[in-house]
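Comments concern the structure below.
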Amino acid sequence: MFSYDEAFSRNLGWLTAAEQDSLSRKRVAIGGLGGTGGHQLLTLCRLGVGAFNIADFDTFDLPNFNRQAGAAVSTLRRPKIDVLADMAKDINPQLDLRVFPKGITDGNVSDFLRGVDAYVDSLDYFAFDARNLVHKACAERGIPAVIVAPLGMGAAMINFLPGGMTFEEYFRLDGQSDFKRAVRFLVGLSPALLQRTYLVDASRVRLSDHAGPSTAIACQLCGGVAATEVLKLLLKRGKVYCAPWGVQFDAYRNRLTRTWRPWGNRNPWQRLLVAIGLRRLARTQGAHARAPV
């Protein structure tokens, strides 16, 4: 027989009994259940968060095996949202789980964010339109948003809190091509670019194909880091750094850095990094657009 109190009793000590009870009544929205979203969902489940809104329209395939929670021979071609929902309910059968199998759209973003205490952005790296849509909606509704992205063998984090700098004010993606948005998003996520020194084959970065190298190391780190930020937000304790502050940890280099980029990608240093990134990637990717950044 399942018992919530017994299942999550080993959280106590790091959490008070009152805090654990509070988590059982919190709702977290997670957009995307691929590289990082599945790990983040399952980690938050094991913390005892009691309700989730989850969105994903994709199915598991062989290229997902190197990093994604739920990717296995037994789940090939199955919808990720169904697999992860089953895994989450196996951890906590009492979960209040709302599923959005068509992803996040103009038509359902309000329902997706209804009653939500925090949002975790785990959308595909190149899902810029959906990402802009949901972050704008979070800002309008006063919902804190957490991004923890896998880069190399590490994780890069940036938070957007109610009343603070918004996603668009920081990244400045509006009106840009997908190629330029990809570069701006990368530089905004990791101004320190800790991962740049050990990429051994740059030809594997294929922006035109919406593809790039990835590791399970990074994705599992993202699960823990994002869950920690959500925990602090839900319990209202612990320091939460938000844009224009960011944090990146690289396990391969054993490096942790905290960055501060006032004006986000409008910062002169960021503009330089974006320009350099555009030129370098344009050479390796065969891209031709070099409009001002």
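Residues are named by chain letter and number: chains run A, B, ... in the order of the structure tokens, numbers start at 1 in each chain, and ligands are numbered from 1 in the order shown.
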Requested in this report: Find the residues near Leu161 of chain A: any atom within 12 Å, counting only C-alpha atoms, skip ones fewer than 5 places away on the same chain, and give them as number ranges by chain.
Outcome: A: 117-119, 135-136, 138-147, 166-167, 229-230, 233, 240-245
Show me, as a PDB file with N, CA and C atoms, in the first residue's frame, the residues that have an atom within 8 Å of segment 180-188 of chain A when counting only C-alpha atoms, minus same-chain residues fewer than 2 positions from it.
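Produced file selection_39.pdb, reproduced below:
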ATOM      1  N   TYR A 125      15.891  22.644 -27.708  1.00  0.00           N
ATOM      2  CA  TYR A 125      16.726  23.835 -27.842  1.00  0.00           C
ATOM      3  C   TYR A 125      16.193  24.779 -28.918  1.00  0.00           C
ATOM      4  N   PHE A 126      15.703  24.225 -30.032  1.00  0.00           N
ATOM      5  CA  PHE A 126      15.315  25.040 -31.178  1.00  0.00           C
ATOM      6  C   PHE A 126      13.838  25.422 -31.179  1.00  0.00           C
ATOM      7  N   PHE A 128      11.984  27.833 -30.427  1.00  0.00           N
ATOM      8  CA  PHE A 128      12.018  29.234 -30.027  1.00  0.00           C
ATOM      9  C   PHE A 128      10.631  29.869 -29.952  1.00  0.00           C
ATOM     10  N   TYR A 170      16.236  39.666 -21.796  1.00  0.00           N
ATOM     11  CA  TYR A 170      17.567  39.085 -21.617  1.00  0.00           C
ATOM     12  C   TYR A 170      18.130  38.522 -22.927  1.00  0.00           C
ATOM     13  N   PHE A 171      17.363  37.655 -23.608  1.00  0.00           N
ATOM     14  CA  PHE A 171      17.903  36.955 -24.773  1.00  0.00           C
ATOM     15  C   PHE A 171      17.814  37.756 -26.071  1.00  0.00           C
ATOM     16  N   ARG A 172      16.797  38.603 -26.223  1.00  0.00           N
ATOM     17  CA  ARG A 172      16.651  39.418 -27.434  1.00  0.00           C
ATOM     18  C   ARG A 172      16.582  38.541 -28.693  1.00  0.00           C
ATOM     19  N   LEU A 173      15.584  37.669 -28.748  1.00  0.00           N
ATOM     20  CA  LEU A 173      15.432  36.754 -29.877  1.00  0.00           C
ATOM     21  C   LEU A 173      14.443  37.241 -30.927  1.00  0.00           C
ATOM     22  N   GLN A 176      14.721  37.703 -35.130  1.00  0.00           N
ATOM     23  CA  GLN A 176      15.952  37.106 -35.621  1.00  0.00           C
ATOM     24  C   GLN A 176      15.651  35.800 -36.367  1.00  0.00           C
ATOM     25  N   SER A 177      16.555  35.407 -37.267  1.00  0.00           N
ATOM     26  CA  SER A 177      16.440  34.102 -37.927  1.00  0.00           C
ATOM     27  C   SER A 177      16.691  32.996 -36.906  1.00  0.00           C
ATOM     28  N   ASP A 178      16.316  31.773 -37.251  1.00  0.00           N
ATOM     29  CA  ASP A 178      16.548  30.655 -36.343  1.00  0.00           C
ATOM     30  C   ASP A 178      18.034  30.480 -36.052  1.00  0.00           C
ATOM     31  N   SER A 190      25.075  30.628 -21.512  1.00  0.00           N
ATOM     32  CA  SER A 190      26.399  30.340 -20.940  1.00  0.00           C
ATOM     33  C   SER A 190      27.408  31.403 -21.355  1.00  0.00           C
ATOM     34  N   PRO A 191      27.302  32.612 -20.775  1.00  0.00           N
ATOM     35  CA  PRO A 191      28.263  33.663 -21.119  1.00  0.00           C
ATOM     36  C   PRO A 191      29.710  33.254 -20.879  1.00  0.00           C
ATOM     37  N   LEU A 193      30.875  30.199 -21.332  1.00  0.00           N
ATOM     38  CA  LEU A 193      31.209  29.197 -22.350  1.00  0.00           C
ATOM     39  C   LEU A 193      32.226  28.174 -21.834  1.00  0.00           C
ATOM     40  N   LEU A 207      23.364  23.143 -36.809  1.00  0.00           N
ATOM     41  CA  LEU A 207      22.228  24.008 -36.506  1.00  0.00           C
ATOM     42  C   LEU A 207      21.141  23.907 -37.566  1.00  0.00           C
ATOM     43  N   GLY A 264      21.441  41.854 -20.555  1.00  0.00           N
ATOM     44  CA  GLY A 264      21.407  40.583 -21.274  1.00  0.00           C
ATOM     45  C   GLY A 264      22.256  40.605 -22.521  1.00  0.00           C
ATOM     46  N   ASN A 265      21.669  40.164 -23.626  1.00  0.00           N
ATOM     47  CA  ASN A 265      22.416  40.117 -24.883  1.00  0.00           C
ATOM     48  C   ASN A 265      22.641  41.483 -25.509  1.00  0.00           C
ATOM     49  N   GLN A 270      28.379  40.676 -24.374  1.00  0.00           N
ATOM     50  CA  GLN A 270      27.514  39.675 -25.002  1.00  0.00           C
ATOM     51  C   GLN A 270      27.396  39.906 -26.504  1.00  0.00           C
ATOM     52  N   LEU A 273      30.421  38.467 -28.062  1.00  0.00           N
ATOM     53  CA  LEU A 273      30.376  37.003 -28.092  1.00  0.00           C
ATOM     54  C   LEU A 273      29.402  36.497 -29.157  1.00  0.00           C
ATOM     55  N   VAL A 274      28.252  37.166 -29.291  1.00  0.00           N
ATOM     56  CA  VAL A 274      27.283  36.770 -30.317  1.00  0.00           C
ATOM     57  C   VAL A 274      27.890  36.947 -31.704  1.00  0.00           C
ATOM     58  N   GLY A 277      30.392  34.237 -32.300  1.00  0.00           N
ATOM     59  CA  GLY A 277      29.698  32.976 -32.507  1.00  0.00           C
ATOM     60  C   GLY A 277      29.054  32.880 -33.872  1.00  0.00           C
ATOM     61  N   LEU A 278      28.438  33.964 -34.319  1.00  0.00           N
ATOM     62  CA  LEU A 278      27.812  33.971 -35.640  1.00  0.00           C
ATOM     63  C   LEU A 278      28.838  33.729 -36.734  1.00  0.00           C
TER      64      LEU A 278
END
Query raised in the report: What separation in Å, quoted to one decimal, exists between atom CA of Pro262 of chain A and atom CA of Ser214 of chain A?
Result: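 Atom CA of Pro262 of chain A sits 29.2 Å away from atom CA of Ser214 of chain A.
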**Report entry** Residues near Thr257 of chain A, cut-off 12 Å, only C-alpha atoms, skip fewer than 5 positions along chain, as a VMD selection string
**Finding:** chain A and resid 154 to 157 190 to 195 245 to 251
Could you dump the residues just selected with C-alpha atoms as a short mmCIF file (atom, residue, chain, number, x, y, z; two decimals), in the first residue's frame?
data_model
loop_
_atom_site.label_atom_id
_atom_site.label_comp_id
_atom_site.auth_asym_id
_atom_site.auth_seq_id
_atom_site.Cartn_x
_atom_site.Cartn_y
_atom_site.Cartn_z
CA GLY A 154 27.64 20.51 -17.47
CA ALA A 155 24.55 22.60 -16.83
CA ALA A 156 23.80 26.28 -17.36
CA MET A 157 21.03 27.92 -15.34
CA SER A 190 26.40 30.34 -20.94
CA PRO A 191 28.26 33.66 -21.12
CA ALA A 192 31.31 31.90 -19.63
CA LEU A 193 31.21 29.20 -22.35
CA LEU A 194 32.91 26.68 -20.05
CA GLN A 195 32.10 23.87 -22.48
CA TRP A 245 22.57 36.63 -13.21
CA GLY A 246 23.33 33.13 -14.44
CA VAL A 247 25.17 30.07 -13.13
CA GLN A 248 27.11 27.42 -15.05
CA PHE A 249 28.75 24.28 -13.67
CA ASP A 250 30.95 22.12 -15.87
CA ALA A 251 31.68 18.68 -14.43
#
For the contact check between segment 202-222 of chain A and segment 35-45 of chain A, emit one row per residue of segment 202-222 of chain A within 7 Å, containing the shortest atom pair and the distance in Å rounded to one decimal, counting only C-alpha atoms, chain then rising number order, as a Markdown table.
| residue | atom | partner | partner_atom | distance |
| --- | --- | --- | --- | --- |
| A:Cys219 | CA | A:Thr36 | CA | 5.0 |
| A:Gln220 | CA | A:His39 | CA | 6.2 |
| A:Cys222 | CA | A:Thr36 | CA | 6.2 |
Emit the selected residues as an mmCIF file, in the first residue's frame, including C-alpha atoms.
data_model
loop_
_atom_site.group_PDB
_atom_site.id
_atom_site.type_symbol
_atom_site.label_atom_id
_atom_site.label_comp_id
_atom_site.auth_asym_id
_atom_site.auth_seq_id
_atom_site.Cartn_x
_atom_site.Cartn_y
_atom_site.Cartn_z
ATOM 1 C CA CYS A 219 21.033 16.056 -18.725
ATOM 2 C CA GLN A 220 21.114 14.358 -15.327
ATOM 3 C CA CYS A 222 20.120 19.504 -15.155
#
Requested in this report: Apply DSSP to the structure's backbone, then extract all residues of segment 89-187 of chain A labelled alpha helix (DSSP H) and return them as number ranges by chain.
Outcome: A: 89-91, 109-112, 128-141, 167-171, 178-187
Given the selection you just returned, output its residues as a file containing C-alpha atoms, formatted as a PDB file, in the first residue's frame.
ATOM      1  CA  LYS A  89       2.890   7.723 -11.278  1.00  0.00           C
ATOM      2  CA  ASP A  90       4.982   4.676 -10.438  1.00  0.00           C
ATOM      3  CA  ILE A  91       6.864   6.916  -7.999  1.00  0.00           C
ATOM      4  CA  VAL A 109      -0.871  27.907 -22.977  1.00  0.00           C
ATOM      5  CA  SER A 110      -3.437  29.353 -20.554  1.00  0.00           C
ATOM      6  CA  ASP A 111      -4.580  25.881 -19.517  1.00  0.00           C
ATOM      7  CA  PHE A 112      -0.974  24.692 -19.334  1.00  0.00           C
ATOM      8  CA  PHE A 128      12.018  29.234 -30.027  1.00  0.00           C
ATOM      9  CA  ASP A 129       8.411  30.137 -30.872  1.00  0.00           C
ATOM     10  CA  ALA A 130       6.940  27.927 -28.138  1.00  0.00           C
ATOM     11  CA  ARG A 131       9.604  29.119 -25.698  1.00  0.00           C
ATOM     12  CA  ASN A 132       8.830  32.802 -26.353  1.00  0.00           C
ATOM     13  CA  LEU A 133       5.110  32.083 -26.017  1.00  0.00           C
ATOM     14  CA  VAL A 134       5.283  30.365 -22.640  1.00  0.00           C
ATOM     15  CA  HIS A 135       7.832  32.754 -21.105  1.00  0.00           C
ATOM     16  CA  LYS A 136       5.709  35.740 -22.100  1.00  0.00           C
ATOM     17  CA  ALA A 137       2.688  34.051 -20.520  1.00  0.00           C
ATOM     18  CA  CYS A 138       4.658  33.312 -17.332  1.00  0.00           C
ATOM     19  CA  ALA A 139       5.726  36.961 -17.058  1.00  0.00           C
ATOM     20  CA  GLU A 140       2.128  38.137 -17.500  1.00  0.00           C
ATOM     21  CA  ARG A 141       0.883  35.722 -14.811  1.00  0.00           C
ATOM     22  CA  PHE A 167      13.102  36.232 -21.123  1.00  0.00           C
ATOM     23  CA  GLU A 168      12.961  38.536 -24.155  1.00  0.00           C
ATOM     24  CA  GLU A 169      14.672  41.422 -22.389  1.00  0.00           C
ATOM     25  CA  TYR A 170      17.567  39.085 -21.617  1.00  0.00           C
ATOM     26  CA  PHE A 171      17.903  36.955 -24.773  1.00  0.00           C
ATOM     27  CA  ASP A 178      16.548  30.655 -36.343  1.00  0.00           C
ATOM     28  CA  PHE A 179      20.314  30.553 -36.875  1.00  0.00           C
ATOM     29  CA  LYS A 180      20.816  33.829 -35.010  1.00  0.00           C
ATOM     30  CA  ARG A 181      18.348  32.867 -32.305  1.00  0.00           C
ATOM     31  CA  ALA A 182      20.293  29.648 -31.740  1.00  0.00           C
ATOM     32  CA  VAL A 183      23.543  31.582 -31.274  1.00  0.00           C
ATOM     33  CA  ARG A 184      21.953  34.247 -29.064  1.00  0.00           C
ATOM     34  CA  PHE A 185      20.306  31.581 -26.913  1.00  0.00           C
ATOM     35  CA  LEU A 186      23.603  29.722 -26.476  1.00  0.00           C
ATOM     36  CA  VAL A 187      25.573  32.839 -25.541  1.00  0.00           C
TER      37      VAL A 187
END
Requested in this report: Could you check how far atom CA of Pro101 of chain A sits from atom CA of Leu33 of chain A, in Å to one decimal?
Outcome: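 Going from atom CA of Pro101 of chain A over to atom CA of Leu33 of chain A covers 10.7 Å.
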Could I get the residues of segment 28-147 of chain A with an atom no further than 10 Å from an atom of segment 5-24 of chain A, each paired with its nearest atom pair and that distance in Å to one decimal, using only C-alpha atoms, sorted by chain and residue number, as a tab-separated table?
residue	atom	partner	partner_atom	distance
A:Leu44	CA	A:Leu23	CA	9.5
A:Cys45	CA	A:Ser24	CA	9.6
A:Arg46	CA	A:Phe8	CA	7.1
A:Leu47	CA	A:Asn11	CA	6.9
A:Gly48	CA	A:Ser24	CA	5.7
A:Val49	CA	A:Leu23	CA	4.8
A:Gly50	CA	A:Ser24	CA	4.1
A:Ala51	CA	A:Ser24	CA	7.4
A:Ile91	CA	A:Ala7	CA	8.6
A:Asn92	CA	A:Ala7	CA	8.3
A:Gln94	CA	A:Ser24	CA	9.6
A:Leu95	CA	A:Ser24	CA	8.8
A:Asp96	CA	A:Ser24	CA	9.8
Kindly export the residues of the current selection with N, CA and C atoms, as a PDB file, in the first residue's frame.
ATOM      1  N   LEU A  44      11.724  15.894  -9.328  1.00  0.00           N
ATOM      2  CA  LEU A  44      10.717  16.637  -8.564  1.00  0.00           C
ATOM      3  C   LEU A  44       9.672  15.691  -7.970  1.00  0.00           C
ATOM      4  N   CYS A  45       9.361  14.620  -8.685  1.00  0.00           N
ATOM      5  CA  CYS A  45       8.456  13.607  -8.120  1.00  0.00           C
ATOM      6  C   CYS A  45       9.041  13.024  -6.846  1.00  0.00           C
ATOM      7  N   ARG A  46      10.331  12.708  -6.878  1.00  0.00           N
ATOM      8  CA  ARG A  46      10.975  12.093  -5.709  1.00  0.00           C
ATOM      9  C   ARG A  46      11.143  13.084  -4.564  1.00  0.00           C
ATOM     10  N   LEU A  47      11.066  14.370  -4.862  1.00  0.00           N
ATOM     11  CA  LEU A  47      11.030  15.370  -3.798  1.00  0.00           C
ATOM     12  C   LEU A  47       9.649  15.461  -3.162  1.00  0.00           C
ATOM     13  N   GLY A  48       8.650  14.881  -3.826  1.00  0.00           N
ATOM     14  CA  GLY A  48       7.309  14.867  -3.265  1.00  0.00           C
ATOM     15  C   GLY A  48       6.376  15.931  -3.790  1.00  0.00           C
ATOM     16  N   VAL A  49       6.784  16.652  -4.868  1.00  0.00           N
ATOM     17  CA  VAL A  49       5.850  17.603  -5.486  1.00  0.00           C
ATOM     18  C   VAL A  49       4.621  16.826  -5.942  1.00  0.00           C
ATOM     19  N   GLY A  50       3.444  17.358  -5.636  1.00  0.00           N
ATOM     20  CA  GLY A  50       2.236  16.564  -5.790  1.00  0.00           C
ATOM     21  C   GLY A  50       1.447  16.737  -7.065  1.00  0.00           C
ATOM     22  N   ALA A  51       1.792  17.743  -7.895  1.00  0.00           N
ATOM     23  CA  ALA A  51       0.988  17.991  -9.091  1.00  0.00           C
ATOM     24  C   ALA A  51       1.863  18.568 -10.198  1.00  0.00           C
ATOM     25  N   ILE A  91       6.201   6.357  -9.178  1.00  0.00           N
ATOM     26  CA  ILE A  91       6.864   6.916  -7.999  1.00  0.00           C
ATOM     27  C   ILE A  91       5.830   7.404  -6.994  1.00  0.00           C
ATOM     28  N   ASN A  92       4.805   8.083  -7.503  1.00  0.00           N
ATOM     29  CA  ASN A  92       3.752   8.622  -6.626  1.00  0.00           C
ATOM     30  C   ASN A  92       2.392   8.407  -7.287  1.00  0.00           C
ATOM     31  N   GLN A  94      -0.395   8.965  -6.265  1.00  0.00           N
ATOM     32  CA  GLN A  94      -1.364   9.995  -5.903  1.00  0.00           C
ATOM     33  C   GLN A  94      -1.190  11.288  -6.695  1.00  0.00           C
ATOM     34  N   LEU A  95      -0.248  11.319  -7.644  1.00  0.00           N
ATOM     35  CA  LEU A  95       0.008  12.541  -8.405  1.00  0.00           C
ATOM     36  C   LEU A  95      -1.249  13.069  -9.084  1.00  0.00           C
ATOM     37  N   ASP A  96      -1.369  14.390  -9.082  1.00  0.00           N
ATOM     38  CA  ASP A  96      -2.357  15.079  -9.914  1.00  0.00           C
ATOM     39  C   ASP A  96      -1.605  15.508 -11.171  1.00  0.00           C
TER      40      ASP A  96
END
Requested in this report: Step one, run DSSP on the backbone; step two, keep only residues of segment 16-50 of chain A assigned to strand (DSSP E); then write them as a ChimeraX atom specification.
Outcome: /A:27-31
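Comparing the minimum interatomic distances between Leu151 of chain A and each of A:Ala216, A:Ala202, A:Val116, A:Arg266, counting only C-alpha atoms, we find that A:Ala216 sits nearest.
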Report summary line: From atom CA of Arg196 of chain A to atom CA of Trp269 of chain A the spacing works out at 16.9 Å
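For the residues A:Met153, A:Leu235, A:Leu123, A:Ile30, ranking by smallest atom-to-atom distance to Tyr198 of chain A using only C-alpha atoms places A:Met153 first.
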Query raised in the report: Pick the closest to Gly32 of chain A from A:Asn108, A:Ser74, A:Ser122, A:Asn66: which is it, counting only C-alpha atoms?
Result: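 Of A:Asn108, A:Ser74, A:Ser122, A:Asn66, the one nearest Gly32 of chain A is A:Ser122, counting only C-alpha atoms.
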Neighbour list for Lys102 of chain A as a CSV table (one decimal) with C-alpha atoms, in the first residue's frame, cut-off 10 Å, only C-alpha atoms, skip fewer than 5 positions in-chain:
chain,number,residue,atom,x,y,z
A,55,ALA,CA,3.7,19.0,-22.3
A,56,ASP,CA,5.4,17.1,-25.1
A,57,PHE,CA,4.3,15.9,-28.6
A,58,ASP,CA,7.3,13.7,-29.5
A,81,ILE,CA,4.5,12.1,-22.4
A,108,ASN,CA,-3.5,25.8,-24.7
Query - Using only C-alpha atoms: which of A:Ala72, A:Pro93, A:Ala88, A:Phe160 has the shortest distance to Ser3 of chain A - result: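 Of A:Ala72, A:Pro93, A:Ala88, A:Phe160, the one nearest Ser3 of chain A is A:Pro93, counting only C-alpha atoms.
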Requested in this report: Rank A:Ala211, A:Gly107, A:Ala85, A:Arg279 by their smallest atom-to-atom distance to Asn64 of chain A, using only C-alpha atoms, and report the top residue only.
Outcome: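 Among A:Ala211, A:Gly107, A:Ala85, A:Arg279, it is A:Ala211 that comes nearest to Asn64 of chain A.
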